[in-house]
Each structure stands twice: as structure tokens, then as C-alpha cells.
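Novice: One structure, as C-alpha cells, below. Some questions next.
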Amino acid sequence: MALVLTVRHGEKLFIDNDCLTVIEVSATERKSKIQIRNKIFDLDDQNSVEILPNVFSFIGNSDDSVCRIGFDAPRSVKILRESLYRQKK
């Protein structure tokens, strides 16, 4: 089962200890760009992209300022918003 989070441009998530940053949200094109481990990935609603080993990402609905990013990953992989990641440190 996929985890889906609503995110904004500039928002940070953590996949285990790797920081993922949302660097672009485009509602008109239904695309988003993310950066993780100094790599930039273009996400769309048609394909799932492997952003880390065994971690796949895709986007769902979006509007002018937010989009829904989905993740398929093993249950052992922790995916947290920045605020929760910082609390647990």
C-alpha cells in the first residue's frame, strides 16, 4: 500500500535519513520536481520513479500550491515530514 502526502513547494520530507525537498509544483502540467541525494527527479501522474533503492514515487492531484506525492517502499523504510523527523532526533 502506498503512502500519499500532501506537500508544498519547498517542503522537506525524510526517507530514513535522506532529505527530500519539493523544488517545483506545477498544477497545469500535473508534474512535480523533487531533490534527494543531490539528484533531481521529475514526477508525474503517469509513471512511478525509483528515487532510492526500492523506494518509488509518483504524484497525484495537485493545484497551484500543493501536490500529493505517493511513495511505494518497504515497511522498514521510514518516511516522515521534517517536523516529525526533527522531533524524533
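Here, A, B, ... name the chains of the C-alpha cells in the order displayed, residue numbers run from 1 inside each chain, and ligands are numbered from 1 in the same displayed order.
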Can you list, as a VMD selection string, every protein, DNA or RNA residue that comes within 9 Å of Arg37 (chain A) when you count only C-alpha atoms, leaving out same-chain residues fewer than 6 positions away?
Specialist: chain A and resid 18 to 20 52
Novice: Mind checking which residues fall within 12 Å of Ser83 (chain A), counting only C-alpha atoms, ignoring those fewer than 2 positions away in the same chain, and posting them as a ChimeraX atom specification?
Specialist: /A:11-14,79-81,85-89
Novice: How about saving the chosen residues, N, CA and C atoms kept, as a PDB file, in the first residue's frame?
Specialist:
```pdb
ATOM      1  N   GLU A  11       8.830  22.245   0.746  1.00  0.00           N
ATOM      2  CA  GLU A  11       8.675  21.364   1.911  1.00  0.00           C
ATOM      3  C   GLU A  11       9.704  20.236   1.869  1.00  0.00           C
ATOM      4  N   LYS A  12      10.120  19.804   3.055  1.00  0.00           N
ATOM      5  CA  LYS A  12      11.105  18.729   3.177  1.00  0.00           C
ATOM      6  C   LYS A  12      10.470  17.514   3.846  1.00  0.00           C
ATOM      7  N   LEU A  13      10.834  16.355   3.326  1.00  0.00           N
ATOM      8  CA  LEU A  13      10.458  15.076   3.907  1.00  0.00           C
ATOM      9  C   LEU A  13      11.746  14.301   4.121  1.00  0.00           C
ATOM     10  N   PHE A  14      11.699  13.315   4.985  1.00  0.00           N
ATOM     11  CA  PHE A  14      12.868  12.471   5.201  1.00  0.00           C
ATOM     12  C   PHE A  14      12.496  11.023   4.925  1.00  0.00           C
ATOM     13  N   ILE A  79       9.274   7.180   6.338  1.00  0.00           N
ATOM     14  CA  ILE A  79       9.049   8.389   5.548  1.00  0.00           C
ATOM     15  C   ILE A  79       8.330   9.373   6.457  1.00  0.00           C
ATOM     16  N   LEU A  80       9.001  10.483   6.769  1.00  0.00           N
ATOM     17  CA  LEU A  80       8.478  11.445   7.745  1.00  0.00           C
ATOM     18  C   LEU A  80       8.542  12.868   7.216  1.00  0.00           C
ATOM     19  N   ARG A  81       7.581  13.678   7.647  1.00  0.00           N
ATOM     20  CA  ARG A  81       7.675  15.122   7.414  1.00  0.00           C
ATOM     21  C   ARG A  81       8.837  15.651   8.246  1.00  0.00           C
ATOM     22  N   TYR A  85      10.458  14.270  11.838  1.00  0.00           N
ATOM     23  CA  TYR A  85      11.841  13.775  11.808  1.00  0.00           C
ATOM     24  C   TYR A  85      12.675  14.494  12.864  1.00  0.00           C
ATOM     25  N   ARG A  86      12.526  15.818  12.967  1.00  0.00           N
ATOM     26  CA  ARG A  86      13.296  16.607  13.941  1.00  0.00           C
ATOM     27  C   ARG A  86      12.895  16.252  15.375  1.00  0.00           C
ATOM     28  N   GLN A  87      11.597  15.986  15.611  1.00  0.00           N
ATOM     29  CA  GLN A  87      11.131  15.607  16.951  1.00  0.00           C
ATOM     30  C   GLN A  87      11.755  14.291  17.397  1.00  0.00           C
ATOM     31  N   LYS A  88      11.921  13.372  16.462  1.00  0.00           N
ATOM     32  CA  LYS A  88      12.433  12.046  16.803  1.00  0.00           C
ATOM     33  C   LYS A  88      13.942  12.028  16.974  1.00  0.00           C
ATOM     34  N   LYS A  89      14.620  13.075  16.548  1.00  0.00           N
ATOM     35  CA  LYS A  89      16.094  13.136  16.667  1.00  0.00           C
ATOM     36  C   LYS A  89      16.512  13.426  18.066  1.00  0.00           C
TER      37      LYS A  89
END
```
Novice: What is the distance, in Å and to one decimal place, between CA of Arg30 (chain A) and CA of Pro74 (chain A)?
Specialist: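 CA of Pro74 (chain A) lies 26.2 Å from CA of Arg30 (chain A).
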Novice: Could you list, as a PDB file with N, CA and C atoms, in the first residue's frame, every residue within 12 Å of Arg8 (chain A), counting only C-alpha atoms and ignoring same-chain residues fewer than 6 positions away?
Specialist:
```pdb
ATOM      1  N   THR A  21      13.474  17.230  -0.911  1.00  0.00           N
ATOM      2  CA  THR A  21      12.931  18.585  -0.986  1.00  0.00           C
ATOM      3  C   THR A  21      12.048  18.700  -2.219  1.00  0.00           C
ATOM      4  N   VAL A  22      10.851  19.262  -2.042  1.00  0.00           N
ATOM      5  CA  VAL A  22       9.962  19.537  -3.170  1.00  0.00           C
ATOM      6  C   VAL A  22      10.441  20.851  -3.782  1.00  0.00           C
ATOM      7  N   ILE A  23      10.953  20.805  -5.014  1.00  0.00           N
ATOM      8  CA  ILE A  23      11.513  22.021  -5.600  1.00  0.00           C
ATOM      9  C   ILE A  23      10.611  22.658  -6.648  1.00  0.00           C
ATOM     10  N   GLU A  24       9.560  21.954  -7.058  1.00  0.00           N
ATOM     11  CA  GLU A  24       8.622  22.551  -8.010  1.00  0.00           C
ATOM     12  C   GLU A  24       7.292  21.821  -7.955  1.00  0.00           C
ATOM     13  N   VAL A  25       6.200  22.590  -8.043  1.00  0.00           N
ATOM     14  CA  VAL A  25       4.851  22.039  -8.132  1.00  0.00           C
ATOM     15  C   VAL A  25       4.174  22.724  -9.305  1.00  0.00           C
ATOM     16  N   SER A  26       3.688  21.954 -10.271  1.00  0.00           N
ATOM     17  CA  SER A  26       3.014  22.521 -11.433  1.00  0.00           C
ATOM     18  C   SER A  26       1.663  21.852 -11.618  1.00  0.00           C
ATOM     19  N   ALA A  27       0.608  22.579 -11.257  1.00  0.00           N
ATOM     20  CA  ALA A  27      -0.740  22.024 -11.375  1.00  0.00           C
ATOM     21  C   ALA A  27      -1.167  21.921 -12.834  1.00  0.00           C
ATOM     22  N   SER A  32       5.757  17.487 -10.867  1.00  0.00           N
ATOM     23  CA  SER A  32       6.454  17.994  -9.692  1.00  0.00           C
ATOM     24  C   SER A  32       7.917  17.619  -9.824  1.00  0.00           C
ATOM     25  N   LYS A  33       8.789  18.396  -9.177  1.00  0.00           N
ATOM     26  CA  LYS A  33      10.215  18.063  -9.134  1.00  0.00           C
ATOM     27  C   LYS A  33      10.619  17.936  -7.685  1.00  0.00           C
ATOM     28  N   ILE A  34      11.412  16.902  -7.425  1.00  0.00           N
ATOM     29  CA  ILE A  34      11.940  16.704  -6.081  1.00  0.00           C
ATOM     30  C   ILE A  34      13.449  16.524  -6.173  1.00  0.00           C
ATOM     31  N   SER A  62      -2.960  17.792  -7.895  1.00  0.00           N
ATOM     32  CA  SER A  62      -2.220  18.972  -7.456  1.00  0.00           C
ATOM     33  C   SER A  62      -3.015  20.216  -7.812  1.00  0.00           C
ATOM     34  N   ASP A  63      -2.693  21.305  -7.134  1.00  0.00           N
ATOM     35  CA  ASP A  63      -3.243  22.604  -7.514  1.00  0.00           C
ATOM     36  C   ASP A  63      -2.083  23.586  -7.530  1.00  0.00           C
ATOM     37  N   ASP A  64      -2.371  24.873  -7.488  1.00  0.00           N
ATOM     38  CA  ASP A  64      -1.315  25.872  -7.663  1.00  0.00           C
ATOM     39  C   ASP A  64      -0.222  25.822  -6.609  1.00  0.00           C
ATOM     40  N   SER A  65      -0.531  25.381  -5.406  1.00  0.00           N
ATOM     41  CA  SER A  65       0.485  25.464  -4.355  1.00  0.00           C
ATOM     42  C   SER A  65       0.819  24.129  -3.691  1.00  0.00           C
ATOM     43  N   VAL A  66       0.009  23.116  -3.896  1.00  0.00           N
ATOM     44  CA  VAL A  66       0.270  21.826  -3.250  1.00  0.00           C
ATOM     45  C   VAL A  66       0.097  20.677  -4.243  1.00  0.00           C
ATOM     46  N   CYS A  67       0.733  19.564  -3.919  1.00  0.00           N
ATOM     47  CA  CYS A  67       0.513  18.343  -4.694  1.00  0.00           C
ATOM     48  C   CYS A  67       0.534  17.160  -3.739  1.00  0.00           C
ATOM     49  N   ARG A  68       0.032  16.063  -4.225  1.00  0.00           N
ATOM     50  CA  ARG A  68       0.041  14.833  -3.441  1.00  0.00           C
ATOM     51  C   ARG A  68       1.136  13.948  -4.020  1.00  0.00           C
ATOM     52  N   ILE A  69       2.117  13.612  -3.180  1.00  0.00           N
ATOM     53  CA  ILE A  69       3.205  12.737  -3.602  1.00  0.00           C
ATOM     54  C   ILE A  69       3.019  11.383  -2.933  1.00  0.00           C
ATOM     55  N   ARG A  81       7.581  13.678   7.647  1.00  0.00           N
ATOM     56  CA  ARG A  81       7.675  15.122   7.414  1.00  0.00           C
ATOM     57  C   ARG A  81       8.837  15.651   8.246  1.00  0.00           C
TER      58      ARG A  81
END
```
Novice: For CA of Asp72 (chain A) and CA of Glu29 (chain A), quote the distance in Å rounded to one decimal.
Specialist: 22.6 Å
Novice: Write out as a ChimeraX atom specification all residues of chain A that backbone DSSP assigns to strand (DSSP E or B).
Specialist: /A:3-8,12-15,18-26,31-36,39-44,49-52,55-62,66-72,79-81
